[in-house]
Amino acid sequence: MTFLITAGPTREPIDPVRFISNRSSGKMGYALAAAALDAGHRVVLISGPVCISPPAGADLIRVNTADEMADAVQTRMNTGCDVFIMCAAVADFKPREVRAGKIKKHDGLTHIELAPTRDILASVTLPRDRRIVIAGFAAESESLAENAQKKLREKRCDFICANDITRMDTGFDADDNELTLFFRDGSQRHFARASKRELGRAIIKICIEIAEKH
């Protein structure tokens with residue numbers, strides 16, 4: 001099978017040297033890619049800017065902005081995949097105007113007008129003649145189950161992996177994670193704190209099981 005996996009943050013430029021981003025390290029997405037490769041599958045890894053090395057054997061596509069990631073996902077979706085895992089922490093907003101030159105400190109910056117970035121999960125066009133397993137991630141600071149289930153309904157996912165971002169020992173920039181998976185049929189499954197590599201293997205196994213049922 002071919003796995004299409006996104007990972008890491010996006011960077012939305014303010015000017016040539018400044019940008020809006022988030023704390024995503026890319027570790028969870030890269031762990032998923034490594035697990036899929038270890039299971040003998042082909043992996044296309046679309047990655048935002050990170051400071052870790054990609055797993056050997058992955059077809060790596062590097063991007064910076066949400067628009068670049070969305071375009072890369074659509075291009076690869078058009079060429080075919082069996083499983084799409086949207087693990088990247090895409091910035092929710094971008095500056096409405098990007099300055100051509102560096103903003104000087106003495107000139108000041110009173111405000112930045114923001115616009116929503118493209119919703120990749122919601123906007124990607126899926127092939128009509130092929131059933132693709134789709135998994136998303138929900139990083140939440142409150143009402144985890146409610147927000148994750150809302151995202152599951154709205155974004156055509158088979159399941160959503162939700163985690164609490166208020167904890168410092170799991171999630172963003174940590175080696176471990178703790179996840180609750182919410183499935184389309186209303187069921188859920190909790191994974192206690194474990195390494196992202198271990199969780200990656202569990203998620204890839206679930207993706208394969210769902211794909212085999214289609």
# chains A, B, ... in the order shown; residues from 1 in each chain; ligands from 1
>>> residues_around(residues="Val44 of chain A", least_positions_apart="5", cutoff="8 Å", atoms="only C-alpha atoms", output="PyMOL selection string")
chain A and resi 2-5+58-61
>>> write_last_selection(atoms="N, CA and C atoms", output="compact mmCIF listing (two decimals), in the first residue's frame")
# COMPACT_ATOMS: atom_id res chain seq x y z
N THR A 2 0.30 2.34 -0.45
CA THR A 2 0.98 3.64 -0.42
C THR A 2 0.36 4.50 0.66
N PHE A 3 1.22 4.98 1.56
CA PHE A 3 0.80 5.88 2.63
C PHE A 3 1.24 7.30 2.28
N LEU A 4 0.30 8.23 2.34
CA LEU A 4 0.59 9.66 2.18
C LEU A 4 0.46 10.28 3.56
N ILE A 5 1.57 10.80 4.09
CA ILE A 5 1.61 11.29 5.47
C ILE A 5 2.16 12.71 5.50
N ALA A 58 11.65 6.85 2.67
CA ALA A 58 10.47 7.68 2.43
C ALA A 58 10.71 8.60 1.24
N ASP A 59 9.67 8.81 0.47
CA ASP A 59 9.70 9.79 -0.62
C ASP A 59 9.36 11.14 0.00
N LEU A 60 10.39 11.93 0.29
CA LEU A 60 10.24 13.16 1.08
C LEU A 60 9.96 14.36 0.20
N ILE A 61 8.93 15.13 0.57
CA ILE A 61 8.60 16.38 -0.09
C ILE A 61 8.61 17.47 0.97
>>> residues_around(residues="Val43 of chain A", least_positions_apart="3", cutoff="12 Å", atoms="only C-alpha atoms", output="JSON, numbers by chain")
{"A": [1, 2, 3, 4, 5, 6, 29, 30, 31, 32, 33, 34, 35, 36, 37, 38, 39, 40, 46, 54, 55, 56, 57, 58, 59, 60, 61, 76, 80, 81, 82, 83, 84, 85, 204]}
>>> select_by_dssp(residues="segment 7-171 of chain A", states="strand (DSSP E or B)", output="PyMOL selection string")
chain A and resi 7+9+12-13+19-20+42-47+59-62+83-86+89+93-95+114-116+133-140+159-164
>>> atom_distance(atom1="atom CA of Val124 of chain A", atom2="atom CA of Val73 of chain A")
7.5 Å
>>> closest_residue(among="A:Gln74, A:Asn163, A:Gln149, A:Ser143", to="Asn177 of chain A", atoms="only C-alpha atoms")
A:Asn163
>>> closest_residue(among="A:Lys213, A:Lys155, A:Arg96, A:Lys27", to="Pro9 of chain A", atoms="only C-alpha atoms")
A:Lys27
>>> atom_distance(atom1="atom CA of Leu126 of chain A", atom2="atom CA of Ala88 of chain A")
18.6 Å
>>> select_by_dssp(residues="segment 8-117 of chain A", states="alpha helix (DSSP H)", output="PyMOL selection string")
chain A and resi 27-38+66-79
>>> write_last_selection(atoms="N, CA and C atoms", output="compact mmCIF listing (two decimals), in the first residue's frame")
# COMPACT_ATOMS: atom_id res chain seq x y z
N LYS A 27 7.82 14.91 15.06
CA LYS A 27 8.20 13.59 15.54
C LYS A 27 7.10 12.55 15.35
N MET A 28 5.83 12.95 15.57
CA MET A 28 4.74 11.99 15.43
C MET A 28 4.58 11.58 13.97
N GLY A 29 4.58 12.54 13.07
CA GLY A 29 4.44 12.22 11.65
C GLY A 29 5.59 11.38 11.13
N TYR A 30 6.80 11.69 11.57
CA TYR A 30 7.97 10.92 11.13
C TYR A 30 7.93 9.50 11.72
N ALA A 31 7.39 9.37 12.94
CA ALA A 31 7.24 8.03 13.53
C ALA A 31 6.23 7.20 12.74
N LEU A 32 5.16 7.83 12.30
CA LEU A 32 4.18 7.14 11.46
C LEU A 32 4.81 6.68 10.15
N ALA A 33 5.60 7.56 9.54
CA ALA A 33 6.25 7.21 8.28
C ALA A 33 7.20 6.04 8.49
N ALA A 34 7.98 6.06 9.57
CA ALA A 34 8.91 4.97 9.85
C ALA A 34 8.17 3.65 10.08
N ALA A 35 7.04 3.72 10.79
CA ALA A 35 6.26 2.52 11.06
C ALA A 35 5.68 1.92 9.78
N ALA A 36 5.19 2.76 8.90
CA ALA A 36 4.64 2.27 7.63
C ALA A 36 5.74 1.64 6.77
N LEU A 37 6.90 2.25 6.77
CA LEU A 37 8.03 1.68 6.02
C LEU A 37 8.45 0.34 6.62
N ASP A 38 8.51 0.27 7.95
CA ASP A 38 8.89 -0.98 8.61
C ASP A 38 7.90 -2.10 8.30
N ALA A 66 1.15 26.49 4.42
CA ALA A 66 -0.05 25.66 4.31
C ALA A 66 -0.47 25.48 2.86
N ASP A 67 -0.36 26.53 2.06
CA ASP A 67 -0.72 26.43 0.64
C ASP A 67 0.19 25.44 -0.08
N GLU A 68 1.48 25.48 0.22
CA GLU A 68 2.41 24.54 -0.40
C GLU A 68 2.09 23.11 0.00
N MET A 69 1.75 22.92 1.27
CA MET A 69 1.40 21.57 1.73
C MET A 69 0.11 21.10 1.07
N ALA A 70 -0.88 21.96 0.99
CA ALA A 70 -2.15 21.59 0.35
C ALA A 70 -1.94 21.19 -1.11
N ASP A 71 -1.13 21.97 -1.83
CA ASP A 71 -0.86 21.65 -3.24
C ASP A 71 -0.12 20.32 -3.38
N ALA A 72 0.84 20.08 -2.48
CA ALA A 72 1.60 18.83 -2.53
C ALA A 72 0.70 17.63 -2.22
N VAL A 73 -0.19 17.78 -1.25
CA VAL A 73 -1.13 16.71 -0.92
C VAL A 73 -2.03 16.40 -2.11
N GLN A 74 -2.57 17.44 -2.74
CA GLN A 74 -3.48 17.21 -3.87
C GLN A 74 -2.76 16.55 -5.04
N THR A 75 -1.53 16.98 -5.30
CA THR A 75 -0.76 16.38 -6.39
C THR A 75 -0.54 14.90 -6.16
N ARG A 76 -0.15 14.56 -4.94
CA ARG A 76 0.10 13.15 -4.62
C ARG A 76 -1.20 12.35 -4.53
N MET A 77 -2.26 12.98 -4.09
CA MET A 77 -3.56 12.31 -4.06
C MET A 77 -3.99 11.95 -5.47
N ASN A 78 -3.69 12.82 -6.41
CA ASN A 78 -4.06 12.57 -7.81
C ASN A 78 -3.30 11.39 -8.41
N THR A 79 -2.09 11.15 -7.93
CA THR A 79 -1.29 10.04 -8.46
C THR A 79 -1.61 8.73 -7.76
>>> residues_around(residues="Lys102 of chain A", least_positions_apart="3", cutoff="9 Å", atoms="only C-alpha atoms", output="compact mmCIF listing (two decimals) with C-alpha atoms, in the first residue's frame")
# COMPACT_ATOMS: atom_id res chain seq x y z
CA ILE A 14 5.11 37.98 7.68
CA ASP A 15 8.13 39.37 5.85
CA PRO A 16 11.32 37.78 4.43
CA VAL A 17 12.64 36.90 7.93
CA ARG A 18 9.59 36.51 10.20
CA ARG A 99 5.72 42.42 3.34
>>> decode(residues="segment 13-29 of chain A", atoms="all heavy atoms", output="short mmCIF file (atom, residue, chain, number, x, y, z; two decimals), in the first residue's frame")
data_model
loop_
_atom_site.label_atom_id
_atom_site.label_comp_id
_atom_site.auth_asym_id
_atom_site.auth_seq_id
_atom_site.Cartn_x
_atom_site.Cartn_y
_atom_site.Cartn_z
N PRO A 13 4.69 33.30 6.24
CA PRO A 13 5.58 34.46 6.32
C PRO A 13 4.87 35.78 6.61
O PRO A 13 3.76 36.03 6.12
CB PRO A 13 6.24 34.49 4.93
CG PRO A 13 5.28 33.78 4.04
CD PRO A 13 4.64 32.71 4.89
N ILE A 14 5.53 36.59 7.41
CA ILE A 14 5.11 37.98 7.68
C ILE A 14 5.92 38.92 6.79
O ILE A 14 5.39 39.83 6.17
CB ILE A 14 5.33 38.34 9.16
CG1 ILE A 14 4.49 37.43 10.05
CG2 ILE A 14 5.01 39.81 9.41
CD1 ILE A 14 4.82 37.55 11.53
N ASP A 15 7.21 38.66 6.74
CA ASP A 15 8.13 39.37 5.85
C ASP A 15 9.24 38.37 5.52
O ASP A 15 9.12 37.18 5.86
CB ASP A 15 8.63 40.67 6.51
CG ASP A 15 9.50 40.44 7.75
OD1 ASP A 15 9.93 39.29 7.98
OD2 ASP A 15 9.76 41.41 8.47
N PRO A 16 10.32 38.76 4.85
CA PRO A 16 11.32 37.78 4.43
C PRO A 16 12.02 37.05 5.58
O PRO A 16 12.66 36.01 5.34
CB PRO A 16 12.33 38.62 3.64
CG PRO A 16 11.53 39.76 3.12
CD PRO A 16 10.56 40.09 4.21
N VAL A 17 11.93 37.54 6.82
CA VAL A 17 12.64 36.90 7.93
C VAL A 17 11.73 36.42 9.06
O VAL A 17 12.17 35.66 9.91
CB VAL A 17 13.73 37.84 8.51
CG1 VAL A 17 14.78 38.16 7.47
CG2 VAL A 17 13.11 39.11 9.05
N ARG A 18 10.49 36.86 9.09
CA ARG A 18 9.59 36.51 10.20
C ARG A 18 8.42 35.67 9.68
O ARG A 18 8.01 35.80 8.53
CB ARG A 18 9.07 37.78 10.88
CG ARG A 18 10.17 38.66 11.44
CD ARG A 18 9.57 39.94 12.03
NE ARG A 18 10.57 40.82 12.60
CZ ARG A 18 11.20 41.77 11.92
NH1 ARG A 18 10.91 41.97 10.63
NH2 ARG A 18 12.10 42.53 12.51
N PHE A 19 7.87 34.85 10.59
CA PHE A 19 6.76 34.00 10.20
C PHE A 19 5.92 33.62 11.41
O PHE A 19 6.35 33.76 12.56
CB PHE A 19 7.27 32.72 9.51
CG PHE A 19 8.29 31.94 10.30
CD1 PHE A 19 7.89 31.05 11.29
CD2 PHE A 19 9.65 32.08 10.05
CE1 PHE A 19 8.82 30.33 12.02
CE2 PHE A 19 10.59 31.37 10.78
CZ PHE A 19 10.16 30.48 11.77
N ILE A 20 4.71 33.12 11.14
CA ILE A 20 3.83 32.54 12.15
C ILE A 20 3.94 31.03 12.04
O ILE A 20 3.88 30.47 10.95
CB ILE A 20 2.37 32.98 11.91
CG1 ILE A 20 2.23 34.49 12.09
CG2 ILE A 20 1.42 32.24 12.86
CD1 ILE A 20 0.87 35.02 11.67
N SER A 21 4.13 30.37 13.18
CA SER A 21 4.25 28.92 13.18
C SER A 21 3.73 28.36 14.49
O SER A 21 2.96 29.01 15.20
CB SER A 21 5.71 28.50 12.93
OG SER A 21 5.80 27.12 12.64
N ASN A 22 4.15 27.16 14.85
CA ASN A 22 3.74 26.53 16.10
C ASN A 22 4.84 25.60 16.59
O ASN A 22 5.90 25.49 15.97
CB ASN A 22 2.40 25.79 15.93
CG ASN A 22 2.45 24.76 14.82
OD1 ASN A 22 3.25 23.83 14.84
ND2 ASN A 22 1.60 24.93 13.81
N ARG A 23 4.56 24.89 17.70
CA ARG A 23 5.60 24.11 18.37
C ARG A 23 5.76 22.69 17.83
O ARG A 23 6.53 21.90 18.39
CB ARG A 23 5.29 24.03 19.87
CG ARG A 23 5.46 25.33 20.62
CD ARG A 23 4.97 25.20 22.06
NE ARG A 23 5.43 23.96 22.67
CZ ARG A 23 4.67 23.16 23.42
NH1 ARG A 23 3.40 23.46 23.61
NH2 ARG A 23 5.18 22.07 23.96
N SER A 24 5.10 22.34 16.77
CA SER A 24 5.21 20.98 16.25
C SER A 24 6.64 20.65 15.86
O SER A 24 7.30 21.42 15.16
CB SER A 24 4.30 20.81 15.04
OG SER A 24 4.50 19.55 14.44
N SER A 25 7.11 19.49 16.30
CA SER A 25 8.47 19.03 15.98
C SER A 25 8.50 18.11 14.77
O SER A 25 9.57 17.86 14.20
CB SER A 25 9.06 18.29 17.18
OG SER A 25 8.31 17.10 17.43
N GLY A 26 7.35 17.54 14.40
CA GLY A 26 7.30 16.56 13.32
C GLY A 26 7.55 15.13 13.77
O GLY A 26 7.47 14.20 12.97
N LYS A 27 7.82 14.91 15.06
CA LYS A 27 8.20 13.59 15.54
C LYS A 27 7.10 12.55 15.35
O LYS A 27 7.38 11.40 15.01
CB LYS A 27 8.61 13.66 17.01
CG LYS A 27 9.90 14.42 17.26
CD LYS A 27 10.20 14.51 18.75
CE LYS A 27 11.48 15.31 19.00
NZ LYS A 27 11.77 15.44 20.46
N MET A 28 5.83 12.95 15.57
CA MET A 28 4.74 11.99 15.43
C MET A 28 4.58 11.58 13.97
O MET A 28 4.44 10.39 13.66
CB MET A 28 3.45 12.61 15.96
CG MET A 28 2.27 11.63 16.07
SD MET A 28 2.45 10.39 17.37
CE MET A 28 2.62 8.89 16.40
N GLY A 29 4.58 12.54 13.07
CA GLY A 29 4.44 12.22 11.65
C GLY A 29 5.59 11.38 11.13
O GLY A 29 5.39 10.43 10.34
#
